[in-house]
2 protein chains.
Amino acid sequence: MAVHALGMLACQGARGAGPGLTSATIAGSVRTNPVVIRRVLADLRRAGLVTTRRGAGGGVVLARAPSRITLRCVWDAVDAGEPLFAPHPAGPDPGCPTGRAVAGYLAGLRGRAEALVRAELGKVTLARLQRELSRRIHPQGDHRA
Amino acid sequence: MAVHALGMLACQGARGAGPGLTSATIAGSVRTNPVVIRRVLADLRRAGLVTTRRGAGGGVVLARAPSRITLRCVWDAVDAGEPLFAPHPAGPDPGCPTGRAVAGYLAGLRGRAEALVRAELGKVTLARLQRELSRRIHPQGDHRA
DNA sequence: CGTTATGTAACCGGAACGGTTGCATATGAC
DNA sequence: GTCATATGCAACCGTTCCGGTTACATAACG
């Protein structure tokens with residue numbers, strides 16, 4: 001939902017003082033409730049990716065240039081360090097050396113796997129996302145422009 | 001939990017006709033209920049990674065050599081194609097081109113990210129896991145053996 | 001035949017998430 | 001000032017998921 005909202009903002013292009021989009025407009029495209037969108041936008045605002053303006057004529061705009069926002073920022077802002085695969089909450093039997101060794105090894109492996117995912121998401125800026133989106137929205141014709 | 005169980009099986013080393021480990025033994029190390037372990041082992045059995053034997057003297061043993069089982073097999077067996085990040089279940093508004101484009105692009109990105117994770121997990125065989133575990137269990141002394 | 005162990009269904013409890021309502025707050029137009 | 005608009009946020013509901021637990025059937029060994 002966060003990428004959906006940011007994709008709409010990037011395509012709409014407004015930034016800074018423009019009118020922006022309302023949570024109701026975004027919710028219409030995502031097919032959910034405006035409050036749900038506002039909850040996601042609150043995470044993005046706390047991460048400094050968007051700025052919101054209240055009141056009539058308000059809405060949401062990007063806080064930075066689309067080339068300076070990556071999907072890795074979005075992942076970090078929304079999921080806030082949620083592990084790719086979680087260990088058993090109770091933890092292994094402290095008296096079992098194998099159990100402790102498995103937990104330790106899995107922690108390192110999880111770190112490596114998450115680094116790969118974050119690197120892949122870091123390759124995608126909002127600017128690139130916008131280009132990909134317009135390529136998908138206007139399938140023919142971009143070879144001429 | 002699946003990796004924990006398989007790590008114990010690899011360290012214990014029995015294969016084929018040996019006695020194997022019981023779900024109660026594994027559950028003791030994981031600190032959970034034997035039924036929970038059996039549910040995980042059922043997935044691994046369906047994937048052909050372990051074989052189970054009922055009755056007195058029964059238990060679980062690896063179905064293949066530890067060098068021929070990777071954590072990627074485990075991931076596939078247990079999580080059964082669960083997506084790394086899920087799209088909004090309702091799907092975007094079919095009338096919004098941006099919404100459809102975002103969903104399509106994210107599907108491709110998800111495929112790339114999952115391929116990276118599966119490749120990383122595919123590097124780790126149970127044989128390598130067992131070596132790593134004994135390195136962690138016997139910190140000094142393996143430079144001499 | 002009894003003991004041991006898996007296989008599986010059923011149910012419970014808590015956590016997480018989207019959906020919804022309600023209300024406070026801020027902003028712009030009149 | 002007043003009203004319409006829009007976000008911010010808390011509270012609550014229903015669903016889903018997952019681990020934990022019990023219960024019972026089944027199978028193997030002595």
# chains A, B, ... in the order shown; residues from 1 in each chain; ligands from 1
>>> interface_residues(of="chain C", to="chain B", cutoff="9 Å", atoms="only C-alpha atoms (C1' of nucleotides)", output="ChimeraX atom specification")
/C:3-7
>>> write_last_selection(atoms="C-alpha atoms (C1' of nucleotides)", output="PDB file, in the first residue's frame")
ATOM      1  C1'  DT C   3       4.602 -49.925  25.637  1.00  0.00           C
ATOM      2  C1'  DT C   4       6.272 -46.515  22.686  1.00  0.00           C
ATOM      3  C1'  DA C   5       5.948 -43.295  19.116  1.00  0.00           C
ATOM      4  C1'  DT C   6       3.944 -40.934  15.108  1.00  0.00           C
ATOM      5  C1'  DG C   7      -0.465 -38.866  12.548  1.00  0.00           C
TER       6       DG C   7
END
>>> interface_residues(of="chain A", to="chain B", cutoff="8 Å", atoms="only C-alpha atoms", output="ChimeraX atom specification")
/A:1,3-4,7-8,28-31,87-88,90-93,96-99,101-103,105,113,116-117,120,132-133,136-137
>>> closest_atom_pairs(of="chain D", to="chain B", cutoff="7 Å", atoms="only C-alpha atoms (C1' of nucleotides)", output="JSON lines")
{"residue": "D:DG20", "atom": "C1'", "partner": "B:Asn33", "partner_atom": "CA", "distance": 6.8}
{"residue": "D:DA27", "atom": "C1'", "partner": "B:Gly55", "partner_atom": "CA", "distance": 5.7}
{"residue": "D:DA28", "atom": "C1'", "partner": "B:Gly55", "partner_atom": "CA", "distance": 4.2}
{"residue": "D:DC29", "atom": "C1'", "partner": "B:Ala56", "partner_atom": "CA", "distance": 5.5}
>>> residues_around(residues="C:DC30", least_positions_apart="6", cutoff="12 Å", atoms="only C-alpha atoms (C1' of nucleotides)", output="PyMOL selection string")
chain D and resi 1-4
>>> write_last_selection(atoms="C-alpha atoms (C1' of nucleotides)", output="PDB file, in the first residue's frame")
ATOM      1  C1'  DG D   1     -16.390  34.269  12.422  1.00  0.00           C
ATOM      2  C1'  DT D   2     -18.156  30.262  10.334  1.00  0.00           C
ATOM      3  C1'  DC D   3     -18.353  26.373   7.611  1.00  0.00           C
ATOM      4  C1'  DA D   4     -16.553  22.808   4.713  1.00  0.00           C
TER       5       DA D   4
END
>>> select_by_dssp(residues="stretch 48-92 of chain A", states="helix (DSSP H, G or I)", output="number ranges by chain")
A: 66-68, 71-79
>>> write_last_selection(atoms="C-alpha atoms", output="mmCIF file, in the first residue's frame")
data_model
loop_
_atom_site.group_PDB
_atom_site.id
_atom_site.type_symbol
_atom_site.label_atom_id
_atom_site.label_comp_id
_atom_site.auth_asym_id
_atom_site.auth_seq_id
_atom_site.Cartn_x
_atom_site.Cartn_y
_atom_site.Cartn_z
ATOM 1 C CA PRO A 66 11.701 11.008 -6.462
ATOM 2 C CA SER A 67 15.299 10.162 -7.375
ATOM 3 C CA ARG A 68 16.242 10.355 -3.697
ATOM 4 C CA LEU A 71 11.917 1.306 -1.942
ATOM 5 C CA ARG A 72 14.463 0.378 0.709
ATOM 6 C CA CYS A 73 13.520 3.550 2.568
ATOM 7 C CA VAL A 74 9.891 2.520 2.256
ATOM 8 C CA TRP A 75 10.604 -0.985 3.561
ATOM 9 C CA ASP A 76 12.459 0.445 6.537
ATOM 10 C CA ALA A 77 9.778 3.047 7.210
ATOM 11 C CA VAL A 78 6.814 0.698 7.079
ATOM 12 C CA ASP A 79 8.104 -2.639 8.361
#
>>> select_by_dssp(residues="chain A", states="strand (DSSP E)", output="list of chain:residue names")
A:Val50, A:Thr51, A:Thr52, A:Arg53, A:Gly59, A:Val60, A:Val61, A:Leu62
>>> write_last_selection(atoms="N, CA and C atoms", output="mmCIF file, in the first residue's frame")
data_model
loop_
_atom_site.group_PDB
_atom_site.id
_atom_site.type_symbol
_atom_site.label_atom_id
_atom_site.label_comp_id
_atom_site.auth_asym_id
_atom_site.auth_seq_id
_atom_site.Cartn_x
_atom_site.Cartn_y
_atom_site.Cartn_z
ATOM 1 N N VAL A 50 7.394 11.856 3.093
ATOM 2 C CA VAL A 50 6.298 12.682 2.595
ATOM 3 C C VAL A 50 6.009 13.767 3.622
ATOM 4 N N THR A 51 5.334 14.799 3.161
ATOM 5 C CA THR A 51 4.837 15.812 4.092
ATOM 6 C C THR A 51 3.342 15.933 3.869
ATOM 7 N N THR A 52 2.614 16.133 4.961
ATOM 8 C CA THR A 52 1.157 16.208 4.881
ATOM 9 C C THR A 52 0.709 17.600 5.298
ATOM 10 N N ARG A 53 -0.406 18.022 4.727
ATOM 11 C CA ARG A 53 -0.979 19.315 5.108
ATOM 12 C C ARG A 53 -2.441 19.126 5.431
ATOM 13 N N GLY A 59 -3.493 17.686 1.873
ATOM 14 C CA GLY A 59 -3.183 16.417 1.227
ATOM 15 C C GLY A 59 -1.746 16.025 1.473
ATOM 16 N N VAL A 60 -1.230 15.168 0.613
ATOM 17 C CA VAL A 60 0.104 14.604 0.800
ATOM 18 C C VAL A 60 0.945 14.916 -0.416
ATOM 19 N N VAL A 61 2.224 15.266 -0.202
ATOM 20 C CA VAL A 61 3.192 15.441 -1.280
ATOM 21 C C VAL A 61 4.499 14.777 -0.866
ATOM 22 N N LEU A 62 5.336 14.482 -1.849
ATOM 23 C CA LEU A 62 6.645 13.920 -1.555
ATOM 24 C C LEU A 62 7.501 14.969 -0.854
#
>>> atom_distance(atom1="atom CA of A:Arg128", atom2="atom CA of A:Thr70")
9.1 Å
>>> residues_around(residues="C:DA15", least_positions_apart="5", cutoff="12 Å", atoms="only C-alpha atoms (C1' of nucleotides)", output="JSON, numbers by chain")
{"D": [16, 17, 18, 19]}
>>> decode(residues="stretch 69-92 of chain A", atoms="N, CA and C atoms", output="PDB file, in the first residue's frame")
ATOM      1  N   ILE A  69      14.395   8.829  -3.217  1.00  0.00           N
ATOM      2  CA  ILE A  69      13.600   7.945  -2.366  1.00  0.00           C
ATOM      3  C   ILE A  69      13.655   6.554  -2.995  1.00  0.00           C
ATOM      4  N   THR A  70      14.143   5.581  -2.243  1.00  0.00           N
ATOM      5  CA  THR A  70      14.194   4.210  -2.748  1.00  0.00           C
ATOM      6  C   THR A  70      13.170   3.352  -2.006  1.00  0.00           C
ATOM      7  N   LEU A  71      12.859   2.210  -2.596  1.00  0.00           N
ATOM      8  CA  LEU A  71      11.917   1.306  -1.942  1.00  0.00           C
ATOM      9  C   LEU A  71      12.520   0.726  -0.660  1.00  0.00           C
ATOM     10  N   ARG A  72      13.847   0.794  -0.549  1.00  0.00           N
ATOM     11  CA  ARG A  72      14.463   0.378   0.709  1.00  0.00           C
ATOM     12  C   ARG A  72      14.057   1.315   1.838  1.00  0.00           C
ATOM     13  N   CYS A  73      14.005   2.609   1.561  1.00  0.00           N
ATOM     14  CA  CYS A  73      13.520   3.550   2.568  1.00  0.00           C
ATOM     15  C   CYS A  73      12.096   3.188   2.973  1.00  0.00           C
ATOM     16  N   VAL A  74      11.294   2.831   1.985  1.00  0.00           N
ATOM     17  CA  VAL A  74       9.891   2.520   2.256  1.00  0.00           C
ATOM     18  C   VAL A  74       9.802   1.281   3.132  1.00  0.00           C
ATOM     19  N   TRP A  75      10.580   0.251   2.782  1.00  0.00           N
ATOM     20  CA  TRP A  75      10.604  -0.985   3.561  1.00  0.00           C
ATOM     21  C   TRP A  75      10.980  -0.680   5.011  1.00  0.00           C
ATOM     22  N   ASP A  76      12.023   0.121   5.186  1.00  0.00           N
ATOM     23  CA  ASP A  76      12.459   0.445   6.537  1.00  0.00           C
ATOM     24  C   ASP A  76      11.407   1.263   7.277  1.00  0.00           C
ATOM     25  N   ALA A  77      10.740   2.170   6.551  1.00  0.00           N
ATOM     26  CA  ALA A  77       9.778   3.047   7.210  1.00  0.00           C
ATOM     27  C   ALA A  77       8.538   2.277   7.642  1.00  0.00           C
ATOM     28  N   VAL A  78       8.091   1.364   6.810  1.00  0.00           N
ATOM     29  CA  VAL A  78       6.814   0.698   7.079  1.00  0.00           C
ATOM     30  C   VAL A  78       7.004  -0.526   7.961  1.00  0.00           C
ATOM     31  N   ASP A  79       7.975  -1.393   7.615  1.00  0.00           N
ATOM     32  CA  ASP A  79       8.104  -2.639   8.361  1.00  0.00           C
ATOM     33  C   ASP A  79       8.983  -2.486   9.586  1.00  0.00           C
ATOM     34  N   ALA A  80       9.760  -1.412   9.640  1.00  0.00           N
ATOM     35  CA  ALA A  80      10.488  -1.053  10.867  1.00  0.00           C
ATOM     36  C   ALA A  80      11.262  -2.229  11.449  1.00  0.00           C
ATOM     37  N   GLY A  81      12.078  -2.866  10.597  1.00  0.00           N
ATOM     38  CA  GLY A  81      12.970  -3.883  11.113  1.00  0.00           C
ATOM     39  C   GLY A  81      12.320  -5.186  11.496  1.00  0.00           C
ATOM     40  N   GLU A  82      11.268  -5.547  10.766  1.00  0.00           N
ATOM     41  CA  GLU A  82      10.645  -6.837  11.017  1.00  0.00           C
ATOM     42  C   GLU A  82      11.503  -7.925  10.379  1.00  0.00           C
ATOM     43  N   PRO A  83      11.816  -9.000  11.124  1.00  0.00           N
ATOM     44  CA  PRO A  83      12.755  -9.997  10.597  1.00  0.00           C
ATOM     45  C   PRO A  83      12.142 -10.790   9.447  1.00  0.00           C
ATOM     46  N   LEU A  84      13.035 -11.223   8.527  1.00  0.00           N
ATOM     47  CA  LEU A  84      12.601 -11.996   7.368  1.00  0.00           C
ATOM     48  C   LEU A  84      12.040 -13.329   7.806  1.00  0.00           C
ATOM     49  N   PHE A  85      12.716 -13.983   8.728  1.00  0.00           N
ATOM     50  CA  PHE A  85      12.144 -15.181   9.364  1.00  0.00           C
ATOM     51  C   PHE A  85      12.500 -15.085  10.836  1.00  0.00           C
ATOM     52  N   ALA A  86      11.513 -15.340  11.673  1.00  0.00           N
ATOM     53  CA  ALA A  86      11.665 -15.097  13.101  1.00  0.00           C
ATOM     54  C   ALA A  86      12.047 -16.386  13.812  1.00  0.00           C
ATOM     55  N   PRO A  87      12.916 -16.277  14.812  1.00  0.00           N
ATOM     56  CA  PRO A  87      13.213 -17.446  15.629  1.00  0.00           C
ATOM     57  C   PRO A  87      12.018 -17.762  16.516  1.00  0.00           C
ATOM     58  N   HIS A  88      12.029 -18.948  17.071  1.00  0.00           N
ATOM     59  CA  HIS A  88      10.972 -19.319  18.003  1.00  0.00           C
ATOM     60  C   HIS A  88      11.023 -18.374  19.192  1.00  0.00           C
ATOM     61  N   PRO A  89       9.893 -17.713  19.511  1.00  0.00           N
ATOM     62  CA  PRO A  89       9.910 -16.668  20.542  1.00  0.00           C
ATOM     63  C   PRO A  89      10.460 -17.163  21.873  1.00  0.00           C
ATOM     64  N   ALA A  90      10.221 -18.412  22.239  1.00  0.00           N
ATOM     65  CA  ALA A  90      10.664 -18.894  23.547  1.00  0.00           C
ATOM     66  C   ALA A  90      12.178 -19.047  23.595  1.00  0.00           C
ATOM     67  N   GLY A  91      12.846 -19.158  22.440  1.00  0.00           N
ATOM     68  CA  GLY A  91      14.285 -19.390  22.452  1.00  0.00           C
ATOM     69  C   GLY A  91      14.576 -20.841  22.740  1.00  0.00           C
ATOM     70  N   PRO A  92      15.759 -21.314  22.315  1.00  0.00           N
ATOM     71  CA  PRO A  92      16.075 -22.735  22.500  1.00  0.00           C
ATOM     72  C   PRO A  92      16.404 -23.041  23.955  1.00  0.00           C
TER      73      PRO A  92
END
